[in-house]
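A.B. asks: Submitted below is the structure of interest, expressed as structure tokens.
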Amino acid sequence: MIRKRTAGLVAGLFALLALAVDPAAAQTSLNEDLITGLNLKLLYVAIPIAVLVEVILIYTVIKFKDSDEAKPTKENRRLEITWTVATAIILLFVGFAAYQLLGVTAIGGVTAASNPNAVEPATTHDFPGAVGPPQGEADNVVEIEVVAQKYFWVFNYPEETVNGNESRYVSNTGTMVMPANTTVYLHVTSIDWLHAFHVPKLALKQDAFPDKYNTISTEAYKTGTYQLYCAEYCGVGHSAMLGKVQVVSQEEYQNWLDEQKAGMTESESSGNESSGNESSGNESSGNQSAVAPPAALAA
Ligand SMILES: [Cu+2]
């Protein structure tokens, strides 16, 4: 009776646990979707094993609780072979499932091997490592250059030039604006020191090395504002090295770019007099120079 009740209780607890880890929220990005999918796959394998081990343990404790003398263990070759083979199969499954994901560019990163016919990447520095989108898909891919430095983030859009002038492109400090449901390539680099670009809710993480690019790709499904952190200790300002990733609809993204370009053309024609440009807030003007830190960090 007790045994039955205990077994029922254990089964109930595991059923609750399985419910608790059910993915209720919609996926925010392709990367998050893939990683959550792998986690669940592994969890479905892990739960029966955990239940089996616990049931055997509880059964043994209850059944032999009154034994005074432990009996020596007898050799059981069949049992040993079984658990060795079973463990090998499970480990191979875990390894294979994880390795498969690493082959996807959204998880393993964009490399020369993954994009053999890549076009020139849209970057502003002469550093190695950046990989552009494949030839046929280049028009549908948005490329953003992510530049880390002590202690803020600059996002450059080298393809979004003003009046065709290649040295005048859209750039924003602190907030990365990107379109939803579009493949986005991020060329991550640093100009001073080690940093790391980390947006947990979008499952994005990439080291930022000085004088080198690392290209990652993503596709965000859900519009909204996501927190960006620096995930590599980089000095006294590390904890304040934050930013925002704003995922907007494709129309809003285009409007935002047009606004930025209009603002830049205006400042050009007004002789670039920086008339209270900084105090006007960065919401609509977004016209900061690429090297000006946000006001809070400038002090
Ligand atoms: Cu940092």
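Ordering of the structure tokens sets the chain letters (A, B, ...), residue numbers begin anew at 1 in every chain, and ligands are numbered from 1 in the order given.
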Return as an MDAnalysis selection string the full set of residues in stretch 69-230 of chain A whose backbone-based DSSP assignment is alpha helix (DSSP H).

C.D. replies: chainID A and resid 77:102 105:108

A.B. asks: Which polymer residues have any atom within 9 Å of an atom of stretch 210-226 of chain A, counting only C-alpha atoms, with same-chain residues fewer than 2 positions away left out, as a PDB file with N, CA and C atoms, in the first residue's frame?

C.D. replies:
```pdb
ATOM      1  N   ALA A  26       5.671  32.083 -26.825  1.00  0.00           N
ATOM      2  CA  ALA A  26       6.038  31.995 -28.233  1.00  0.00           C
ATOM      3  C   ALA A  26       7.527  32.280 -28.386  1.00  0.00           C
ATOM      4  N   GLN A  27       8.125  31.696 -29.407  1.00  0.00           N
ATOM      5  CA  GLN A  27       9.563  31.885 -29.611  1.00  0.00           C
ATOM      6  C   GLN A  27       9.856  33.301 -30.088  1.00  0.00           C
ATOM      7  N   THR A  28      10.956  33.865 -29.568  1.00  0.00           N
ATOM      8  CA  THR A  28      11.301  35.241 -29.928  1.00  0.00           C
ATOM      9  C   THR A  28      12.185  35.309 -31.165  1.00  0.00           C
ATOM     10  N   SER A  29      12.975  34.256 -31.397  1.00  0.00           N
ATOM     11  CA  SER A  29      13.871  34.289 -32.554  1.00  0.00           C
ATOM     12  C   SER A  29      14.175  32.869 -33.019  1.00  0.00           C
ATOM     13  N   LEU A  30      14.721  32.787 -34.221  1.00  0.00           N
ATOM     14  CA  LEU A  30      15.113  31.490 -34.768  1.00  0.00           C
ATOM     15  C   LEU A  30      16.092  30.788 -33.832  1.00  0.00           C
ATOM     16  N   ASN A  31      17.055  31.568 -33.305  1.00  0.00           N
ATOM     17  CA  ASN A  31      18.083  31.000 -32.438  1.00  0.00           C
ATOM     18  C   ASN A  31      17.473  30.419 -31.169  1.00  0.00           C
ATOM     19  N   THR A 105      23.713  27.849 -39.288  1.00  0.00           N
ATOM     20  CA  THR A 105      24.465  29.109 -39.154  1.00  0.00           C
ATOM     21  C   THR A 105      23.955  29.966 -38.002  1.00  0.00           C
ATOM     22  N   ALA A 106      22.653  29.904 -37.699  1.00  0.00           N
ATOM     23  CA  ALA A 106      22.119  30.729 -36.612  1.00  0.00           C
ATOM     24  C   ALA A 106      22.713  30.326 -35.258  1.00  0.00           C
ATOM     25  N   ILE A 107      23.203  29.097 -35.142  1.00  0.00           N
ATOM     26  CA  ILE A 107      23.782  28.649 -33.877  1.00  0.00           C
ATOM     27  C   ILE A 107      25.302  28.586 -33.966  1.00  0.00           C
ATOM     28  N   GLY A 108      25.814  27.971 -34.995  1.00  0.00           N
ATOM     29  CA  GLY A 108      27.262  27.785 -35.120  1.00  0.00           C
ATOM     30  C   GLY A 108      27.995  29.006 -35.637  1.00  0.00           C
ATOM     31  N   GLY A 109      27.243  30.031 -36.080  1.00  0.00           N
ATOM     32  CA  GLY A 109      27.879  31.236 -36.615  1.00  0.00           C
ATOM     33  C   GLY A 109      28.031  31.165 -38.120  1.00  0.00           C
ATOM     34  N   VAL A 110      28.162  32.335 -38.735  1.00  0.00           N
ATOM     35  CA  VAL A 110      28.336  32.408 -40.183  1.00  0.00           C
ATOM     36  C   VAL A 110      29.834  32.343 -40.465  1.00  0.00           C
ATOM     37  N   THR A 111      30.235  31.372 -41.281  1.00  0.00           N
ATOM     38  CA  THR A 111      31.657  31.209 -41.572  1.00  0.00           C
ATOM     39  C   THR A 111      31.864  31.123 -43.082  1.00  0.00           C
ATOM     40  N   HIS A 125      35.344  48.626 -40.886  1.00  0.00           N
ATOM     41  CA  HIS A 125      36.759  48.507 -40.546  1.00  0.00           C
ATOM     42  C   HIS A 125      37.423  47.483 -41.455  1.00  0.00           C
ATOM     43  N   ASP A 126      38.726  47.551 -41.493  1.00  0.00           N
ATOM     44  CA  ASP A 126      39.468  46.643 -42.352  1.00  0.00           C
ATOM     45  C   ASP A 126      39.941  45.419 -41.555  1.00  0.00           C
ATOM     46  N   PHE A 127      39.058  44.858 -40.741  1.00  0.00           N
ATOM     47  CA  PHE A 127      39.421  43.692 -39.933  1.00  0.00           C
ATOM     48  C   PHE A 127      39.014  42.417 -40.666  1.00  0.00           C
ATOM     49  N   PRO A 128      39.731  41.311 -40.414  1.00  0.00           N
ATOM     50  CA  PRO A 128      39.329  40.039 -41.029  1.00  0.00           C
ATOM     51  C   PRO A 128      38.184  39.371 -40.245  1.00  0.00           C
ATOM     52  N   GLY A 129      37.578  38.367 -40.842  1.00  0.00           N
ATOM     53  CA  GLY A 129      36.616  37.525 -40.116  1.00  0.00           C
ATOM     54  C   GLY A 129      35.165  37.698 -40.501  1.00  0.00           C
ATOM     55  N   ALA A 130      34.796  38.860 -41.065  1.00  0.00           N
ATOM     56  CA  ALA A 130      33.387  39.074 -41.403  1.00  0.00           C
ATOM     57  C   ALA A 130      33.017  38.264 -42.646  1.00  0.00           C
ATOM     58  N   VAL A 131      31.806  37.710 -42.641  1.00  0.00           N
ATOM     59  CA  VAL A 131      31.325  36.936 -43.784  1.00  0.00           C
ATOM     60  C   VAL A 131      29.984  37.511 -44.224  1.00  0.00           C
ATOM     61  N   GLY A 132      29.870  37.810 -45.514  1.00  0.00           N
ATOM     62  CA  GLY A 132      28.626  38.359 -46.042  1.00  0.00           C
ATOM     63  C   GLY A 132      27.618  37.273 -46.326  1.00  0.00           C
ATOM     64  N   ALA A 148      31.782  47.165 -30.224  1.00  0.00           N
ATOM     65  CA  ALA A 148      31.861  47.335 -28.773  1.00  0.00           C
ATOM     66  C   ALA A 148      33.062  48.197 -28.452  1.00  0.00           C
ATOM     67  N   MET A 178      16.308  46.614 -35.489  1.00  0.00           N
ATOM     68  CA  MET A 178      16.353  45.589 -36.545  1.00  0.00           C
ATOM     69  C   MET A 178      14.942  45.150 -36.923  1.00  0.00           C
ATOM     70  N   PRO A 179      14.762  44.745 -38.185  1.00  0.00           N
ATOM     71  CA  PRO A 179      13.429  44.331 -38.630  1.00  0.00           C
ATOM     72  C   PRO A 179      13.096  42.909 -38.191  1.00  0.00           C
ATOM     73  N   ALA A 180      11.813  42.665 -37.938  1.00  0.00           N
ATOM     74  CA  ALA A 180      11.358  41.320 -37.579  1.00  0.00           C
ATOM     75  C   ALA A 180      11.211  40.477 -38.843  1.00  0.00           C
ATOM     76  N   ASN A 181      11.211  39.171 -38.676  1.00  0.00           N
ATOM     77  CA  ASN A 181      10.985  38.225 -39.780  1.00  0.00           C
ATOM     78  C   ASN A 181      11.895  38.458 -40.972  1.00  0.00           C
ATOM     79  N   THR A 182      13.112  38.862 -40.689  1.00  0.00           N
ATOM     80  CA  THR A 182      14.109  39.101 -41.726  1.00  0.00           C
ATOM     81  C   THR A 182      15.420  38.509 -41.233  1.00  0.00           C
ATOM     82  N   THR A 183      16.167  37.893 -42.138  1.00  0.00           N
ATOM     83  CA  THR A 183      17.482  37.394 -41.730  1.00  0.00           C
ATOM     84  C   THR A 183      18.407  38.585 -41.515  1.00  0.00           C
ATOM     85  N   VAL A 184      19.006  38.644 -40.335  1.00  0.00           N
ATOM     86  CA  VAL A 184      19.895  39.754 -40.003  1.00  0.00           C
ATOM     87  C   VAL A 184      21.279  39.181 -39.692  1.00  0.00           C
ATOM     88  N   TYR A 185      22.308  39.743 -40.339  1.00  0.00           N
ATOM     89  CA  TYR A 185      23.684  39.367 -40.047  1.00  0.00           C
ATOM     90  C   TYR A 185      24.277  40.428 -39.128  1.00  0.00           C
ATOM     91  N   LEU A 186      24.913  39.976 -38.061  1.00  0.00           N
ATOM     92  CA  LEU A 186      25.563  40.902 -37.150  1.00  0.00           C
ATOM     93  C   LEU A 186      27.073  40.664 -37.224  1.00  0.00           C
ATOM     94  N   HIS A 187      27.800  41.702 -37.639  1.00  0.00           N
ATOM     95  CA  HIS A 187      29.265  41.606 -37.685  1.00  0.00           C
ATOM     96  C   HIS A 187      29.771  42.223 -36.379  1.00  0.00           C
ATOM     97  N   VAL A 188      30.162  41.346 -35.442  1.00  0.00           N
ATOM     98  CA  VAL A 188      30.493  41.803 -34.095  1.00  0.00           C
ATOM     99  C   VAL A 188      31.992  42.028 -33.965  1.00  0.00           C
ATOM    100  N   THR A 189      32.369  43.199 -33.484  1.00  0.00           N
ATOM    101  CA  THR A 189      33.787  43.480 -33.287  1.00  0.00           C
ATOM    102  C   THR A 189      33.967  44.436 -32.116  1.00  0.00           C
ATOM    103  N   SER A 190      35.224  44.713 -31.795  1.00  0.00           N
ATOM    104  CA  SER A 190      35.535  45.662 -30.731  1.00  0.00           C
ATOM    105  C   SER A 190      36.682  46.518 -31.221  1.00  0.00           C
ATOM    106  N   ILE A 191      36.758  47.762 -30.728  1.00  0.00           N
ATOM    107  CA  ILE A 191      37.888  48.565 -31.172  1.00  0.00           C
ATOM    108  C   ILE A 191      38.878  48.824 -30.046  1.00  0.00           C
ATOM    109  N   ASP A 192      38.664  48.195 -28.877  1.00  0.00           N
ATOM    110  CA  ASP A 192      39.667  48.431 -27.838  1.00  0.00           C
ATOM    111  C   ASP A 192      40.058  47.184 -27.036  1.00  0.00           C
ATOM    112  N   TRP A 193      39.130  46.261 -26.803  1.00  0.00           N
ATOM    113  CA  TRP A 193      39.338  45.309 -25.731  1.00  0.00           C
ATOM    114  C   TRP A 193      38.307  44.216 -25.876  1.00  0.00           C
ATOM    115  N   LEU A 194      38.418  43.150 -25.094  1.00  0.00           N
ATOM    116  CA  LEU A 194      37.431  42.073 -25.178  1.00  0.00           C
ATOM    117  C   LEU A 194      36.084  42.489 -24.587  1.00  0.00           C
ATOM    118  N   HIS A 195      35.027  42.248 -25.342  1.00  0.00           N
ATOM    119  CA  HIS A 195      33.658  42.425 -24.853  1.00  0.00           C
ATOM    120  C   HIS A 195      32.859  41.237 -25.397  1.00  0.00           C
ATOM    121  N   VAL A 199      22.310  38.993 -25.917  1.00  0.00           N
ATOM    122  CA  VAL A 199      20.888  39.328 -25.791  1.00  0.00           C
ATOM    123  C   VAL A 199      20.169  38.043 -25.399  1.00  0.00           C
ATOM    124  N   PRO A 200      20.033  37.780 -24.101  1.00  0.00           N
ATOM    125  CA  PRO A 200      19.519  36.472 -23.651  1.00  0.00           C
ATOM    126  C   PRO A 200      18.159  36.118 -24.237  1.00  0.00           C
ATOM    127  N   LYS A 201      17.233  37.071 -24.278  1.00  0.00           N
ATOM    128  CA  LYS A 201      15.862  36.757 -24.722  1.00  0.00           C
ATOM    129  C   LYS A 201      15.817  36.357 -26.196  1.00  0.00           C
ATOM    130  N   LEU A 202      16.803  36.786 -26.974  1.00  0.00           N
ATOM    131  CA  LEU A 202      16.845  36.396 -28.386  1.00  0.00           C
ATOM    132  C   LEU A 202      17.824  35.245 -28.600  1.00  0.00           C
ATOM    133  N   LEU A 204      21.063  35.279 -28.323  1.00  0.00           N
ATOM    134  CA  LEU A 204      22.217  35.720 -29.108  1.00  0.00           C
ATOM    135  C   LEU A 204      23.394  35.958 -28.167  1.00  0.00           C
ATOM    136  N   LYS A 205      24.560  35.415 -28.546  1.00  0.00           N
ATOM    137  CA  LYS A 205      25.756  35.661 -27.750  1.00  0.00           C
ATOM    138  C   LYS A 205      26.968  35.502 -28.643  1.00  0.00           C
ATOM    139  N   GLN A 206      27.829  36.489 -28.632  1.00  0.00           N
ATOM    140  CA  GLN A 206      29.038  36.401 -29.447  1.00  0.00           C
ATOM    141  C   GLN A 206      30.128  37.271 -28.839  1.00  0.00           C
ATOM    142  N   ASP A 207      31.325  36.719 -28.750  1.00  0.00           N
ATOM    143  CA  ASP A 207      32.465  37.494 -28.271  1.00  0.00           C
ATOM    144  C   ASP A 207      32.792  38.601 -29.251  1.00  0.00           C
ATOM    145  N   ALA A 208      33.214  39.741 -28.714  1.00  0.00           N
ATOM    146  CA  ALA A 208      33.672  40.852 -29.552  1.00  0.00           C
ATOM    147  C   ALA A 208      35.178  40.983 -29.345  1.00  0.00           C
ATOM    148  N   LEU A 228      20.236  44.202 -23.910  1.00  0.00           N
ATOM    149  CA  LEU A 228      21.560  43.772 -24.365  1.00  0.00           C
ATOM    150  C   LEU A 228      22.559  43.970 -23.228  1.00  0.00           C
ATOM    151  N   GLY A 243      22.691  47.904 -23.410  1.00  0.00           N
ATOM    152  CA  GLY A 243      22.103  48.455 -24.631  1.00  0.00           C
ATOM    153  C   GLY A 243      20.735  47.858 -24.832  1.00  0.00           C
ATOM    154  N   LYS A 244      20.108  48.262 -25.919  1.00  0.00           N
ATOM    155  CA  LYS A 244      18.774  47.737 -26.216  1.00  0.00           C
ATOM    156  C   LYS A 244      18.756  47.210 -27.654  1.00  0.00           C
ATOM    157  N   VAL A 245      17.987  46.161 -27.853  1.00  0.00           N
ATOM    158  CA  VAL A 245      17.730  45.689 -29.210  1.00  0.00           C
ATOM    159  C   VAL A 245      16.245  45.874 -29.460  1.00  0.00           C
ATOM    160  N   GLN A 246      15.935  46.682 -30.464  1.00  0.00           N
ATOM    161  CA  GLN A 246      14.546  46.983 -30.745  1.00  0.00           C
ATOM    162  C   GLN A 246      14.144  46.267 -32.026  1.00  0.00           C
ATOM    163  N   VAL A 247      13.279  45.270 -31.883  1.00  0.00           N
ATOM    164  CA  VAL A 247      12.789  44.544 -33.060  1.00  0.00           C
ATOM    165  C   VAL A 247      11.478  45.188 -33.489  1.00  0.00           C
ATOM    166  N   VAL A 248      11.461  45.702 -34.725  1.00  0.00           N
ATOM    167  CA  VAL A 248      10.268  46.403 -35.221  1.00  0.00           C
ATOM    168  C   VAL A 248       9.800  45.747 -36.519  1.00  0.00           C
ATOM    169  N   SER A 249       8.613  46.101 -36.968  1.00  0.00           N
ATOM    170  CA  SER A 249       8.112  45.541 -38.223  1.00  0.00           C
ATOM    171  C   SER A 249       8.968  46.083 -39.378  1.00  0.00           C
TER     172      SER A 249
END
```

A.B. asks: Set the cut-off to 8 Å, count only C-alpha atoms and all ligand atoms, and list whatever residues fall near ligand 1 as an MDAnalysis selection string.

C.D. replies: chainID A and resid 148:152 193:196 230:235 237:239 241

A.B. asks: How would the residues just chosen look if you wrote them out with N, CA and C atoms as a PDB file, in the first residue's frame?

C.D. replies:
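Listed below is the output, result_9.pdb:
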```pdb
ATOM      1  N   ALA A 148      31.782  47.165 -30.224  1.00  0.00           N
ATOM      2  CA  ALA A 148      31.861  47.335 -28.773  1.00  0.00           C
ATOM      3  C   ALA A 148      33.062  48.197 -28.452  1.00  0.00           C
ATOM      4  N   GLN A 149      32.927  49.037 -27.458  1.00  0.00           N
ATOM      5  CA  GLN A 149      34.074  49.743 -26.922  1.00  0.00           C
ATOM      6  C   GLN A 149      33.750  50.155 -25.502  1.00  0.00           C
ATOM      7  N   LYS A 150      34.772  50.492 -24.723  1.00  0.00           N
ATOM      8  CA  LYS A 150      34.557  50.863 -23.323  1.00  0.00           C
ATOM      9  C   LYS A 150      33.706  52.108 -23.259  1.00  0.00           C
ATOM     10  N   TYR A 151      32.524  52.159 -22.690  1.00  0.00           N
ATOM     11  CA  TYR A 151      31.707  51.039 -22.265  1.00  0.00           C
ATOM     12  C   TYR A 151      30.346  51.209 -22.907  1.00  0.00           C
ATOM     13  N   PHE A 152      30.307  51.127 -24.209  1.00  0.00           N
ATOM     14  CA  PHE A 152      29.019  51.283 -24.905  1.00  0.00           C
ATOM     15  C   PHE A 152      29.057  50.561 -26.252  1.00  0.00           C
ATOM     16  N   TRP A 193      39.130  46.261 -26.803  1.00  0.00           N
ATOM     17  CA  TRP A 193      39.338  45.309 -25.731  1.00  0.00           C
ATOM     18  C   TRP A 193      38.307  44.216 -25.876  1.00  0.00           C
ATOM     19  N   LEU A 194      38.418  43.150 -25.094  1.00  0.00           N
ATOM     20  CA  LEU A 194      37.431  42.073 -25.178  1.00  0.00           C
ATOM     21  C   LEU A 194      36.084  42.489 -24.587  1.00  0.00           C
ATOM     22  N   HIS A 195      35.027  42.248 -25.342  1.00  0.00           N
ATOM     23  CA  HIS A 195      33.658  42.425 -24.853  1.00  0.00           C
ATOM     24  C   HIS A 195      32.859  41.237 -25.397  1.00  0.00           C
ATOM     25  N   ALA A 196      31.587  41.157 -25.035  1.00  0.00           N
ATOM     26  CA  ALA A 196      30.729  40.128 -25.635  1.00  0.00           C
ATOM     27  C   ALA A 196      29.305  40.649 -25.762  1.00  0.00           C
ATOM     28  N   CYS A 230      26.823  43.384 -21.923  1.00  0.00           N
ATOM     29  CA  CYS A 230      28.175  42.961 -22.245  1.00  0.00           C
ATOM     30  C   CYS A 230      28.427  41.740 -21.368  1.00  0.00           C
ATOM     31  N   ALA A 231      28.818  40.617 -21.976  1.00  0.00           N
ATOM     32  CA  ALA A 231      28.967  39.376 -21.222  1.00  0.00           C
ATOM     33  C   ALA A 231      30.427  38.991 -21.036  1.00  0.00           C
ATOM     34  N   GLU A 232      31.321  39.961 -21.171  1.00  0.00           N
ATOM     35  CA  GLU A 232      32.736  39.667 -20.940  1.00  0.00           C
ATOM     36  C   GLU A 232      33.278  40.789 -20.068  1.00  0.00           C
ATOM     37  N   TYR A 233      33.767  40.441 -18.897  1.00  0.00           N
ATOM     38  CA  TYR A 233      34.239  41.488 -17.993  1.00  0.00           C
ATOM     39  C   TYR A 233      35.306  42.324 -18.694  1.00  0.00           C
ATOM     40  N   CYS A 234      35.073  43.651 -18.747  1.00  0.00           N
ATOM     41  CA  CYS A 234      35.940  44.476 -19.587  1.00  0.00           C
ATOM     42  C   CYS A 234      36.483  45.697 -18.862  1.00  0.00           C
ATOM     43  N   GLY A 235      36.191  45.842 -17.568  1.00  0.00           N
ATOM     44  CA  GLY A 235      36.740  46.978 -16.846  1.00  0.00           C
ATOM     45  C   GLY A 235      35.719  47.581 -15.905  1.00  0.00           C
ATOM     46  N   GLY A 237      33.617  49.899 -16.112  1.00  0.00           N
ATOM     47  CA  GLY A 237      32.296  50.261 -16.617  1.00  0.00           C
ATOM     48  C   GLY A 237      31.503  49.073 -17.138  1.00  0.00           C
ATOM     49  N   HIS A 238      32.027  47.867 -16.921  1.00  0.00           N
ATOM     50  CA  HIS A 238      31.409  46.666 -17.499  1.00  0.00           C
ATOM     51  C   HIS A 238      29.929  46.511 -17.141  1.00  0.00           C
ATOM     52  N   SER A 239      29.603  46.689 -15.850  1.00  0.00           N
ATOM     53  CA  SER A 239      28.218  46.442 -15.421  1.00  0.00           C
ATOM     54  C   SER A 239      27.257  47.448 -16.034  1.00  0.00           C
ATOM     55  N   MET A 241      27.638  48.542 -19.129  1.00  0.00           N
ATOM     56  CA  MET A 241      27.764  48.444 -20.590  1.00  0.00           C
ATOM     57  C   MET A 241      26.536  47.725 -21.151  1.00  0.00           C
TER      58      MET A 241
END
```

A.B. asks: List as a VMD selection string the protein and nucleic acid residues near A:Leu42, meaning an atom at most 9 Å away when only C-alpha atoms are counted, but skip any in the same chain fewer than 3 places from it.

C.D. replies: chain A and resid 37 to 39 45 to 47 93 to 94 97

A.B. asks: Report as a list in words all protein, DNA and RNA residues lying within 8 Å of A:Tyr157, evaluated on only C-alpha atoms, omitting residues in the same chain fewer than 4 positions from it.

C.D. replies: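 Everything that qualifies: Ala122, Glu143, Ile144, Glu145, Thr161, Tyr169, Val170 and Ser171 of chain A.
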
A.B. asks: Would you put the residues from that selection into a file with N, CA and C atoms, as a PDB file, in the first residue's frame?

C.D. replies:
```pdb
ATOM      1  N   ALA A 122      29.174  43.910 -45.280  1.00  0.00           N
ATOM      2  CA  ALA A 122      29.036  45.357 -45.096  1.00  0.00           C
ATOM      3  C   ALA A 122      29.637  45.755 -43.753  1.00  0.00           C
ATOM      4  N   GLU A 143      22.382  43.691 -42.921  1.00  0.00           N
ATOM      5  CA  GLU A 143      23.660  43.548 -42.232  1.00  0.00           C
ATOM      6  C   GLU A 143      23.875  44.723 -41.280  1.00  0.00           C
ATOM      7  N   ILE A 144      24.209  44.396 -40.044  1.00  0.00           N
ATOM      8  CA  ILE A 144      24.463  45.434 -39.041  1.00  0.00           C
ATOM      9  C   ILE A 144      25.835  45.176 -38.427  1.00  0.00           C
ATOM     10  N   GLU A 145      26.612  46.229 -38.318  1.00  0.00           N
ATOM     11  CA  GLU A 145      27.926  46.098 -37.691  1.00  0.00           C
ATOM     12  C   GLU A 145      27.797  46.490 -36.219  1.00  0.00           C
ATOM     13  N   THR A 161      23.438  54.229 -46.797  1.00  0.00           N
ATOM     14  CA  THR A 161      24.220  55.448 -46.960  1.00  0.00           C
ATOM     15  C   THR A 161      23.310  56.639 -47.258  1.00  0.00           C
ATOM     16  N   TYR A 169      26.846  56.866 -43.366  1.00  0.00           N
ATOM     17  CA  TYR A 169      25.864  55.787 -43.248  1.00  0.00           C
ATOM     18  C   TYR A 169      25.128  55.930 -41.913  1.00  0.00           C
ATOM     19  N   VAL A 170      24.004  55.257 -41.828  1.00  0.00           N
ATOM     20  CA  VAL A 170      23.209  55.299 -40.605  1.00  0.00           C
ATOM     21  C   VAL A 170      23.973  54.606 -39.478  1.00  0.00           C
ATOM     22  N   SER A 171      23.971  55.234 -38.307  1.00  0.00           N
ATOM     23  CA  SER A 171      24.678  54.693 -37.158  1.00  0.00           C
ATOM     24  C   SER A 171      23.926  55.089 -35.904  1.00  0.00           C
TER      25      SER A 171
END
```
